[in-house]
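Novice: Right, I'll just put the structure down here and ask away after.
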Amino acid sequence: MRFKLPFLAIGLEVGMIVSFALFVHYETDHNVHQQINTTNPGDVDKFLVSYALFQDVHVMIFVGFGFLMTFLKKYGFSSVGINLFIAALGLQWGTLIRGILHHHHQKIHVQIENMINADFSTATVLISFGAVLGKISPIQMLIMTIIEITVFAGNEYLVGEIFKASDIGASMTIHAFGAYFGLAAAGILYRPGLRRGHDNEESVYHSDLFAMIGTLFLWIFWPSFNSAIADPGEKQYRAIVNTYFSLAACVVTAYAFSSLVEHRGKLDMVHIQNATLAGGVAVGTCADMEIGPYISMIIGSIAAMVSVLGFKFLTPFFATKLRIQDTCGVHNLHGLPGVVGGLAGIVAVALGTSNKFTPAMQAAALGSSIGTAIGGGLITGLILKLPIWGQPPDQNCYDDSVYWEVPRWREHDNHFYEHGGQNQLKLEV
């Protein structure tokens, strides 16, 4: 990996720099002057609101997603570090590929909305990363980032420009797409040697606590995620309110069902870290529609139930019967709630909450998102399966020390805990 990773990363970055030099420019001076220096306070407010929403989404991508995946006891460096690595590459490639599709080969003028959408495109890869976490190399993740964002941009264009469907919070185009892309790739990359689990595929107290930090960041900022590209005014207001109440109802239901399905009614931290966010995923498609706060709460509650039951029953079934090892359970946080969101959008449009869309448009968007994700994931999995990308052997999966310099105490922490932990350390001192 000493030469493959640096050469690939530098080559990709040089390609990005050249492409930006050819295609990407600032927004025209005239428009920027109008937005920022206008005498109309309303225009200034819109600009500042857009930037505030961008900041919220940016925190979700780099802090929320990164820390959510730190639950593995020996994979914290990779969870946060590779998250930063591929997100930085992905937002550049997302800016380019989306700009080329939506600007029809004209110059790409960067606005705040472009930056938000670039972060959105990166989110799909980070979701898929959760399905293969601990089992592939940084080189494989770079390749996956380029391929997946390309397929994502094509599907997003199909959903928005051809089908003319509504998916303002991207339940279908980001969450369902990212989950099923990752699951398809994980199925191709199945490791028989891990079918009975791995010693490192578990958490410890502090790793679960770090993951909960990611959950809290995502939960707090999710209303911004679902409303970031909504039309300013009533639609953006509804997107914020609907997401806010969906998340609140989701938390209460997730706690209730976690206690219900676990032995002696105890809470499972995996459920709390993930299922509490499912309401934000599920309400995304119809977030800006006039569905009523109570409907958004129902959607959030259903998403929480589906997510907890998925972690309890579907994840083991996928691993043993379908040969899909979903490390983070992205199917339960993003896949199933994303489908719930797509179905909720179909029902909401059928009930007349929007006269711009039809149930057929919404159904086509859901089918397209899942279909292209599975197809793209299968192809990507076959490419990543080639034995030239430096993937870790089975015995070294879920371990930072394969790709990172780690502190000495971290390399021997099993020995440390097995022999008395702090008491032995005091004796040695």
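Going through the structure tokens in order, the chains are called A, B, and so on, while each chain numbers its residues from 1 and the ligands are numbered from 1 in the order shown.
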Please provide the set of residues having any atom within 9 Å of Ala365 in chain A, restricted to only C-alpha atoms, with same-chain residues fewer than 5 positions apart removed, written as a VMD selection string.

Specialist: chain A and resid 155 to 156 158 to 160 163 to 167 172 to 173 342 360 370

Novice: Quick one: pull the distance between CA of Gly375 in chain A and CA of Ala185 in chain A, Å, one decimal.

Specialist: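 Going from CA of Gly375 in chain A over to CA of Ala185 in chain A, I get 9.4 Å.
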
Novice: Mind pulling up the distance from CA of Val252 in chain A to CA of Val283 in chain A?

Specialist: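 If I compute the distance from CA of Val283 in chain A to CA of Val252 in chain A, I get 16.0 Å.
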
Novice: Would you mind reading off the distance between CA of Phe120 in chain A and CA of Ser203 in chain A, one decimal, in Å?

Specialist: 28.6 Å

Novice: At a cut-off of 9 Å, using only C-alpha atoms, what residues contact Tyr205 in chain A? Leave out same-chain residues fewer than 5 positions from it and give the result as a list in words.

Specialist: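 The residues that qualify are Phe71, Lys73 and Phe210 of chain A.
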
Novice: Which residues are near Asp394 in chain A? Cut-off 12 Å, only C-alpha atoms, ignore same chain within fewer than 2 positions. Put them as a list in words.

Specialist: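 Once the adjacent positions are removed, what remains is Gly134, Lys135, Ile136, Leu189, Tyr190, Arg191, Pro192, Gly193, Leu194, Arg195, Arg196, Gly197, His198, Asp199, Asn200, Glu201, Gln391, Pro392, Asn396, Cys397, Tyr398, Asp399 and Val402 of chain A.
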
Novice: Write the residues of the preceding selection, restricted to N, CA, C and O atoms, as a PDB file, in the first residue's frame.

Specialist:
ATOM      1  N   GLY A 134     -14.440  -2.029   7.778  1.00  0.00           N
ATOM      2  CA  GLY A 134     -13.526  -2.978   8.388  1.00  0.00           C
ATOM      3  C   GLY A 134     -13.069  -4.100   7.482  1.00  0.00           C
ATOM      4  O   GLY A 134     -12.188  -4.876   7.861  1.00  0.00           O
ATOM      5  N   LYS A 135     -13.625  -4.179   6.277  1.00  0.00           N
ATOM      6  CA  LYS A 135     -13.328  -5.325   5.409  1.00  0.00           C
ATOM      7  C   LYS A 135     -12.656  -4.946   4.099  1.00  0.00           C
ATOM      8  O   LYS A 135     -12.284  -5.828   3.326  1.00  0.00           O
ATOM      9  N   ILE A 136     -12.505  -3.649   3.828  1.00  0.00           N
ATOM     10  CA  ILE A 136     -11.850  -3.245   2.590  1.00  0.00           C
ATOM     11  C   ILE A 136     -10.791  -2.187   2.898  1.00  0.00           C
ATOM     12  O   ILE A 136     -10.760  -1.603   3.982  1.00  0.00           O
ATOM     13  N   LEU A 189     -18.440  -9.013  -2.043  1.00  0.00           N
ATOM     14  CA  LEU A 189     -17.196  -9.082  -1.270  1.00  0.00           C
ATOM     15  C   LEU A 189     -17.324  -9.990  -0.039  1.00  0.00           C
ATOM     16  O   LEU A 189     -16.499  -9.912   0.875  1.00  0.00           O
ATOM     17  N   TYR A 190     -18.323 -10.847  -0.022  1.00  0.00           N
ATOM     18  CA  TYR A 190     -18.575 -11.734   1.120  1.00  0.00           C
ATOM     19  C   TYR A 190     -17.320 -12.534   1.476  1.00  0.00           C
ATOM     20  O   TYR A 190     -16.628 -13.060   0.600  1.00  0.00           O
ATOM     21  N   ARG A 191     -17.047 -12.631   2.772  1.00  0.00           N
ATOM     22  CA  ARG A 191     -15.883 -13.373   3.267  1.00  0.00           C
ATOM     23  C   ARG A 191     -16.362 -14.581   4.064  1.00  0.00           C
ATOM     24  O   ARG A 191     -16.851 -14.423   5.195  1.00  0.00           O
ATOM     25  N   PRO A 192     -16.229 -15.774   3.525  1.00  0.00           N
ATOM     26  CA  PRO A 192     -16.661 -16.974   4.262  1.00  0.00           C
ATOM     27  C   PRO A 192     -15.961 -17.126   5.607  1.00  0.00           C
ATOM     28  O   PRO A 192     -16.524 -17.659   6.555  1.00  0.00           O
ATOM     29  N   GLY A 193     -14.723 -16.628   5.684  1.00  0.00           N
ATOM     30  CA  GLY A 193     -13.974 -16.737   6.930  1.00  0.00           C
ATOM     31  C   GLY A 193     -14.552 -15.919   8.071  1.00  0.00           C
ATOM     32  O   GLY A 193     -14.184 -16.124   9.236  1.00  0.00           O
ATOM     33  N   LEU A 194     -15.458 -14.990   7.748  1.00  0.00           N
ATOM     34  CA  LEU A 194     -16.073 -14.150   8.776  1.00  0.00           C
ATOM     35  C   LEU A 194     -17.515 -14.550   9.070  1.00  0.00           C
ATOM     36  O   LEU A 194     -18.219 -13.835   9.776  1.00  0.00           O
ATOM     37  N   ARG A 195     -17.952 -15.681   8.537  1.00  0.00           N
ATOM     38  CA  ARG A 195     -19.369 -16.041   8.689  1.00  0.00           C
ATOM     39  C   ARG A 195     -19.748 -16.307  10.149  1.00  0.00           C
ATOM     40  O   ARG A 195     -20.912 -16.200  10.522  1.00  0.00           O
ATOM     41  N   ARG A 196     -18.774 -16.658  10.969  1.00  0.00           N
ATOM     42  CA  ARG A 196     -19.043 -16.867  12.391  1.00  0.00           C
ATOM     43  C   ARG A 196     -18.607 -15.681  13.242  1.00  0.00           C
ATOM     44  O   ARG A 196     -18.465 -15.793  14.458  1.00  0.00           O
ATOM     45  N   GLY A 197     -18.390 -14.569  12.598  1.00  0.00           N
ATOM     46  CA  GLY A 197     -17.987 -13.374  13.330  1.00  0.00           C
ATOM     47  C   GLY A 197     -16.481 -13.240  13.438  1.00  0.00           C
ATOM     48  O   GLY A 197     -15.718 -14.055  12.917  1.00  0.00           O
ATOM     49  N   HIS A 198     -16.049 -12.197  14.119  1.00  0.00           N
ATOM     50  CA  HIS A 198     -14.626 -11.897  14.278  1.00  0.00           C
ATOM     51  C   HIS A 198     -14.439 -11.284  15.661  1.00  0.00           C
ATOM     52  O   HIS A 198     -15.302 -10.553  16.156  1.00  0.00           O
ATOM     53  N   ASP A 199     -13.311 -11.584  16.272  1.00  0.00           N
ATOM     54  CA  ASP A 199     -13.045 -11.072  17.621  1.00  0.00           C
ATOM     55  C   ASP A 199     -13.082  -9.550  17.683  1.00  0.00           C
ATOM     56  O   ASP A 199     -13.447  -8.962  18.714  1.00  0.00           O
ATOM     57  N   ASN A 200     -12.689  -8.898  16.599  1.00  0.00           N
ATOM     58  CA  ASN A 200     -12.652  -7.434  16.590  1.00  0.00           C
ATOM     59  C   ASN A 200     -13.989  -6.794  16.206  1.00  0.00           C
ATOM     60  O   ASN A 200     -14.132  -5.581  16.292  1.00  0.00           O
ATOM     61  N   GLU A 201     -14.944  -7.610  15.775  1.00  0.00           N
ATOM     62  CA  GLU A 201     -16.222  -7.071  15.338  1.00  0.00           C
ATOM     63  C   GLU A 201     -17.170  -6.890  16.534  1.00  0.00           C
ATOM     64  O   GLU A 201     -18.257  -7.463  16.597  1.00  0.00           O
ATOM     65  N   GLN A 391      -6.576  -5.343  -0.045  1.00  0.00           N
ATOM     66  CA  GLN A 391      -7.581  -5.612   0.974  1.00  0.00           C
ATOM     67  C   GLN A 391      -6.999  -6.457   2.105  1.00  0.00           C
ATOM     68  O   GLN A 391      -6.108  -7.273   1.893  1.00  0.00           O
ATOM     69  N   PRO A 392      -7.465  -6.266   3.336  1.00  0.00           N
ATOM     70  CA  PRO A 392      -6.887  -6.985   4.476  1.00  0.00           C
ATOM     71  C   PRO A 392      -7.291  -8.452   4.489  1.00  0.00           C
ATOM     72  O   PRO A 392      -8.401  -8.802   4.048  1.00  0.00           O
ATOM     73  N   ASN A 396      -7.118  -9.931   9.882  1.00  0.00           N
ATOM     74  CA  ASN A 396      -6.792  -8.538  10.181  1.00  0.00           C
ATOM     75  C   ASN A 396      -7.937  -7.571   9.917  1.00  0.00           C
ATOM     76  O   ASN A 396      -7.739  -6.347   9.937  1.00  0.00           O
ATOM     77  N   CYS A 397      -9.122  -8.085   9.675  1.00  0.00           N
ATOM     78  CA  CYS A 397     -10.267  -7.207   9.460  1.00  0.00           C
ATOM     79  C   CYS A 397     -10.616  -6.468  10.754  1.00  0.00           C
ATOM     80  O   CYS A 397     -10.319  -6.929  11.856  1.00  0.00           O
ATOM     81  N   TYR A 398     -11.239  -5.319  10.610  1.00  0.00           N
ATOM     82  CA  TYR A 398     -11.704  -4.500  11.742  1.00  0.00           C
ATOM     83  C   TYR A 398     -10.551  -4.091  12.661  1.00  0.00           C
ATOM     84  O   TYR A 398     -10.734  -3.934  13.861  1.00  0.00           O
ATOM     85  N   ASP A 399      -9.371  -3.883  12.097  1.00  0.00           N
ATOM     86  CA  ASP A 399      -8.207  -3.536  12.906  1.00  0.00           C
ATOM     87  C   ASP A 399      -7.461  -2.376  12.256  1.00  0.00           C
ATOM     88  O   ASP A 399      -6.998  -2.480  11.116  1.00  0.00           O
ATOM     89  N   VAL A 402      -3.577  -2.353  10.566  1.00  0.00           N
ATOM     90  CA  VAL A 402      -3.228  -2.783   9.211  1.00  0.00           C
ATOM     91  C   VAL A 402      -2.841  -1.587   8.354  1.00  0.00           C
ATOM     92  O   VAL A 402      -1.912  -1.662   7.542  1.00  0.00           O
TER      93      VAL A 402
END

Novice: When you look at Leu382 in chain A with a cut-off of 12 Å (counting only C-alpha atoms), what residues show up, excluding the ones that are within fewer than 5 positions of it in the same chain? I need them as a list in words.

Specialist: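 Result of the neighbour search: Gln140, Ile143, Met144, Ala184, Ala185, Ala186, Gly187, Ile188, Leu189, Tyr190, Gly375, Gly376, Gly377 and Pro387 of chain A.
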
Novice: Residues of the last selection are to be written out with all heavy atoms, as a CSV table (one decimal), in the first residue's frame.

Specialist:
chain,number,residue,atom,x,y,z
A,140,GLN,N,-9.5,0.7,-2.0
A,140,GLN,CA,-10.8,0.2,-2.5
A,140,GLN,C,-11.9,1.3,-2.3
A,140,GLN,O,-12.8,1.5,-3.1
A,140,GLN,CB,-11.2,-1.1,-1.8
A,140,GLN,CG,-10.4,-2.3,-2.3
A,140,GLN,CD,-10.7,-3.5,-1.5
A,140,GLN,OE1,-10.5,-3.5,-0.3
A,140,GLN,NE2,-11.2,-4.6,-2.1
A,143,ILE,N,-11.8,4.0,-5.0
A,143,ILE,CA,-12.4,3.5,-6.2
A,143,ILE,C,-13.9,3.5,-6.1
A,143,ILE,O,-14.7,4.0,-7.0
A,143,ILE,CB,-11.9,2.1,-6.6
A,143,ILE,CG1,-10.4,2.2,-6.9
A,143,ILE,CG2,-12.6,1.6,-7.8
A,143,ILE,CD1,-9.7,0.9,-6.9
A,144,MET,N,-14.4,3.0,-5.0
A,144,MET,CA,-15.8,3.0,-4.7
A,144,MET,C,-16.4,4.4,-4.7
A,144,MET,O,-17.6,4.6,-5.2
A,144,MET,CB,-16.1,2.3,-3.4
A,144,MET,CG,-17.5,2.1,-3.0
A,144,MET,SD,-17.7,1.1,-1.5
A,144,MET,CE,-19.5,1.0,-1.3
A,184,ALA,N,-25.2,-4.5,-1.9
A,184,ALA,CA,-24.8,-5.2,-3.1
A,184,ALA,C,-23.3,-5.5,-3.2
A,184,ALA,O,-22.9,-6.6,-3.5
A,184,ALA,CB,-25.3,-4.5,-4.4
A,185,ALA,N,-22.6,-4.4,-2.9
A,185,ALA,CA,-21.1,-4.6,-2.9
A,185,ALA,C,-20.6,-5.5,-1.9
A,185,ALA,O,-19.7,-6.4,-2.1
A,185,ALA,CB,-20.4,-3.2,-2.8
A,186,ALA,N,-21.2,-5.4,-0.7
A,186,ALA,CA,-20.9,-6.3,0.5
A,186,ALA,C,-21.2,-7.8,0.1
A,186,ALA,O,-20.5,-8.7,0.5
A,186,ALA,CB,-21.6,-5.9,1.7
A,187,GLY,N,-22.3,-8.0,-0.6
A,187,GLY,CA,-22.6,-9.4,-1.0
A,187,GLY,C,-21.6,-10.0,-1.9
A,187,GLY,O,-21.2,-11.1,-1.8
A,188,ILE,N,-21.1,-9.2,-2.9
A,188,ILE,CA,-20.0,-9.7,-3.8
A,188,ILE,C,-18.7,-9.9,-3.0
A,188,ILE,O,-17.9,-10.8,-3.3
A,188,ILE,CB,-19.8,-8.7,-4.9
A,188,ILE,CG1,-21.0,-8.5,-5.8
A,188,ILE,CG2,-18.6,-9.1,-5.8
A,188,ILE,CD1,-21.4,-9.8,-6.5
A,189,LEU,N,-18.4,-9.0,-2.0
A,189,LEU,CA,-17.2,-9.1,-1.3
A,189,LEU,C,-17.3,-10.0,0.0
A,189,LEU,O,-16.5,-9.9,0.9
A,189,LEU,CB,-16.8,-7.7,-0.8
A,189,LEU,CG,-16.5,-6.7,-1.9
A,189,LEU,CD1,-16.3,-5.3,-1.4
A,189,LEU,CD2,-15.2,-7.1,-2.7
A,190,TYR,N,-18.3,-10.8,0.0
A,190,TYR,CA,-18.6,-11.7,1.1
A,190,TYR,C,-17.3,-12.5,1.5
A,190,TYR,O,-16.6,-13.1,0.6
A,190,TYR,CB,-19.7,-12.7,0.8
A,190,TYR,CG,-20.0,-13.7,1.8
A,190,TYR,CD1,-20.6,-13.4,3.0
A,190,TYR,CD2,-19.6,-15.0,1.7
A,190,TYR,CE1,-20.9,-14.3,4.0
A,190,TYR,CE2,-19.8,-16.0,2.6
A,190,TYR,CZ,-20.5,-15.6,3.8
A,190,TYR,OH,-20.7,-16.6,4.8
A,375,GLY,N,-27.6,-2.6,-9.0
A,375,GLY,CA,-26.8,-2.8,-10.2
A,375,GLY,C,-25.4,-2.2,-10.1
A,375,GLY,O,-24.4,-2.9,-10.4
A,376,GLY,N,-25.3,-0.9,-9.7
A,376,GLY,CA,-24.0,-0.3,-9.5
A,376,GLY,C,-23.2,-0.9,-8.4
A,376,GLY,O,-22.0,-1.1,-8.6
A,377,GLY,N,-23.8,-1.4,-7.3
A,377,GLY,CA,-23.1,-2.0,-6.2
A,377,GLY,C,-22.5,-3.4,-6.7
A,377,GLY,O,-21.4,-3.7,-6.3
A,387,PRO,N,-7.8,-8.9,-6.8
A,387,PRO,CA,-6.8,-9.0,-5.7
A,387,PRO,C,-5.6,-8.1,-5.9
A,387,PRO,O,-4.5,-8.5,-5.7
A,387,PRO,CB,-6.4,-10.5,-5.8
A,387,PRO,CG,-6.5,-10.9,-7.2
A,387,PRO,CD,-7.7,-10.1,-7.7

Novice: Nearest residue to Leu366 in chain A out of A:Thr353, A:Thr215, A:Ile240, A:Ala170, using only C-alpha atoms?

Specialist: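 Using only C-alpha atoms, the shortest distance to Leu366 in chain A belongs to A:Ala170.
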
Novice: Point out the residue among A:Gly381, A:Gly345, A:Pro337, A:Gly94 with the least atom-to-atom distance to Glu290 in chain A, counting only C-alpha atoms.

Specialist: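 For Glu290 in chain A, the nearest of the given residues is A:Gly345.
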
Novice: What are the DSSP helix (DSSP H, G or I) residues of range 19-249 of chain A, as JSON, numbers by chain?

Specialist: {"A": [19, 20, 21, 22, 23, 29, 30, 31, 32, 33, 34, 35, 36, 41, 42, 43, 44, 45, 46, 47, 48, 49, 50, 51, 52, 53, 54, 55, 56, 57, 58, 59, 60, 61, 62, 63, 64, 65, 66, 67, 68, 76, 77, 78, 79, 80, 81, 82, 83, 84, 85, 86, 87, 88, 89, 90, 91, 92, 93, 94, 95, 96, 97, 98, 99, 100, 101, 102, 103, 112, 113, 114, 115, 116, 117, 118, 119, 120, 121, 122, 123, 124, 125, 126, 127, 128, 129, 130, 131, 132, 138, 139, 140, 141, 142, 143, 144, 145, 146, 147, 148, 149, 150, 151, 152, 153, 154, 155, 156, 157, 158, 159, 160, 161, 162, 171, 172, 173, 174, 175, 176, 177, 178, 179, 180, 181, 182, 183, 184, 185, 186, 187, 188, 192, 193, 194, 205, 206, 207, 208, 209, 210, 211, 212, 213, 214, 215, 216, 217, 218, 219, 220, 221, 222, 223, 224, 225, 226, 227, 234, 235, 236, 237, 238, 239, 240, 241, 242, 243, 244, 245, 246, 247, 248, 249]}

Novice: Please provide the set of residues having any atom within 10 Å of Cys286 in chain A, restricted to only C-alpha atoms, with same-chain residues fewer than 3 positions apart removed, written as a compact mmCIF listing (two decimals) with N, CA, C and O atoms, in the first residue's frame.

Specialist:
# COMPACT_ATOMS: atom_id res chain seq x y z
N SER A 166 -40.60 14.02 -6.44
CA SER A 166 -40.20 14.83 -5.29
C SER A 166 -39.46 13.95 -4.28
O SER A 166 -39.95 12.88 -3.90
N ASP A 167 -38.29 14.40 -3.86
CA ASP A 167 -37.52 13.68 -2.84
C ASP A 167 -36.62 14.68 -2.14
O ASP A 167 -35.40 14.55 -2.14
N ILE A 168 -37.24 15.67 -1.52
CA ILE A 168 -36.50 16.83 -1.02
C ILE A 168 -35.48 16.44 0.05
O ILE A 168 -34.40 17.02 0.14
N GLY A 169 -35.80 15.46 0.89
CA GLY A 169 -34.87 15.00 1.92
C GLY A 169 -34.09 13.76 1.53
O GLY A 169 -33.37 13.19 2.35
N ALA A 170 -34.26 13.34 0.25
CA ALA A 170 -33.44 12.27 -0.34
C ALA A 170 -33.58 10.92 0.36
O ALA A 170 -32.61 10.18 0.46
N SER A 171 -34.78 10.60 0.83
CA SER A 171 -34.99 9.25 1.39
C SER A 171 -34.65 8.18 0.37
O SER A 171 -34.05 7.15 0.71
N ASN A 226 -32.75 17.84 5.69
CA ASN A 226 -33.98 17.64 4.91
C ASN A 226 -34.53 18.93 4.31
O ASN A 226 -35.34 18.88 3.38
N ARG A 238 -41.91 23.82 6.40
CA ARG A 238 -42.55 22.52 6.63
C ARG A 238 -41.52 21.41 6.73
O ARG A 238 -41.67 20.48 7.55
N ALA A 239 -40.47 21.47 5.93
CA ALA A 239 -39.44 20.44 5.98
C ALA A 239 -38.76 20.40 7.35
O ALA A 239 -38.48 19.33 7.89
N ASN A 242 -41.59 19.16 10.03
CA ASN A 242 -41.91 17.74 9.89
C ASN A 242 -40.76 16.85 10.34
O ASN A 242 -40.95 15.83 11.00
N THR A 243 -39.53 17.22 9.99
CA THR A 243 -38.37 16.43 10.40
C THR A 243 -38.17 16.50 11.91
O THR A 243 -37.85 15.48 12.55
N ALA A 282 -36.84 8.57 7.05
CA ALA A 282 -38.13 8.18 6.49
C ALA A 282 -39.00 9.36 6.09
O ALA A 282 -39.78 9.28 5.14
N VAL A 283 -38.89 10.47 6.80
CA VAL A 283 -39.76 11.61 6.50
C VAL A 283 -39.20 12.47 5.36
O VAL A 283 -39.86 13.39 4.88
N MET A 289 -43.91 18.55 2.15
CA MET A 289 -45.32 18.49 1.78
C MET A 289 -46.19 18.82 2.99
O MET A 289 -45.76 18.67 4.14
N GLU A 290 -47.41 19.21 2.74
CA GLU A 290 -48.33 19.61 3.80
C GLU A 290 -49.03 18.37 4.37
O GLU A 290 -50.24 18.18 4.20
N ILE A 291 -48.26 17.54 5.06
CA ILE A 291 -48.80 16.28 5.59
C ILE A 291 -49.31 16.44 7.02
O ILE A 291 -50.07 15.60 7.51
N SER A 296 -46.08 13.21 10.27
CA SER A 296 -44.62 13.06 10.33
C SER A 296 -44.22 12.26 11.57
O SER A 296 -43.26 11.47 11.53
N GLY A 341 -39.80 5.90 3.52
CA GLY A 341 -39.95 7.27 3.06
C GLY A 341 -40.47 7.35 1.63
O GLY A 341 -41.34 8.19 1.33
N GLY A 342 -39.96 6.48 0.77
CA GLY A 342 -40.46 6.45 -0.61
C GLY A 342 -41.93 6.09 -0.68
O GLY A 342 -42.71 6.70 -1.42
N LEU A 343 -42.34 5.09 0.11
CA LEU A 343 -43.76 4.69 0.15
C LEU A 343 -44.62 5.80 0.74
O LEU A 343 -45.74 6.05 0.27
N ALA A 344 -44.10 6.48 1.78
CA ALA A 344 -44.84 7.59 2.37
C ALA A 344 -45.04 8.70 1.35
O ALA A 344 -46.11 9.34 1.30
N GLY A 345 -44.04 8.94 0.51
CA GLY A 345 -44.17 9.95 -0.54
C GLY A 345 -45.25 9.58 -1.55
O GLY A 345 -46.02 10.45 -2.00
N ILE A 346 -45.30 8.30 -1.92
CA ILE A 346 -46.34 7.84 -2.86
C ILE A 346 -47.73 8.07 -2.27
O ILE A 346 -48.63 8.60 -2.94
N VAL A 347 -47.90 7.68 -1.00
CA VAL A 347 -49.21 7.84 -0.34
C VAL A 347 -49.56 9.32 -0.20
O VAL A 347 -50.71 9.73 -0.45
N ALA A 348 -48.58 10.14 0.20
CA ALA A 348 -48.85 11.56 0.40
C ALA A 348 -49.29 12.23 -0.90
O ALA A 348 -50.25 13.03 -0.91
N VAL A 349 -48.64 11.90 -2.00
CA VAL A 349 -49.02 12.48 -3.29
C VAL A 349 -50.39 11.96 -3.72
O VAL A 349 -51.22 12.71 -4.25
N THR A 353 -51.50 15.90 -1.32
CA THR A 353 -50.69 16.92 -0.64
C THR A 353 -49.88 17.75 -1.63
O THR A 353 -49.34 18.79 -1.25
N SER A 354 -49.75 17.27 -2.85
CA SER A 354 -49.04 18.02 -3.88
C SER A 354 -49.70 17.78 -5.23
O SER A 354 -50.02 16.64 -5.57
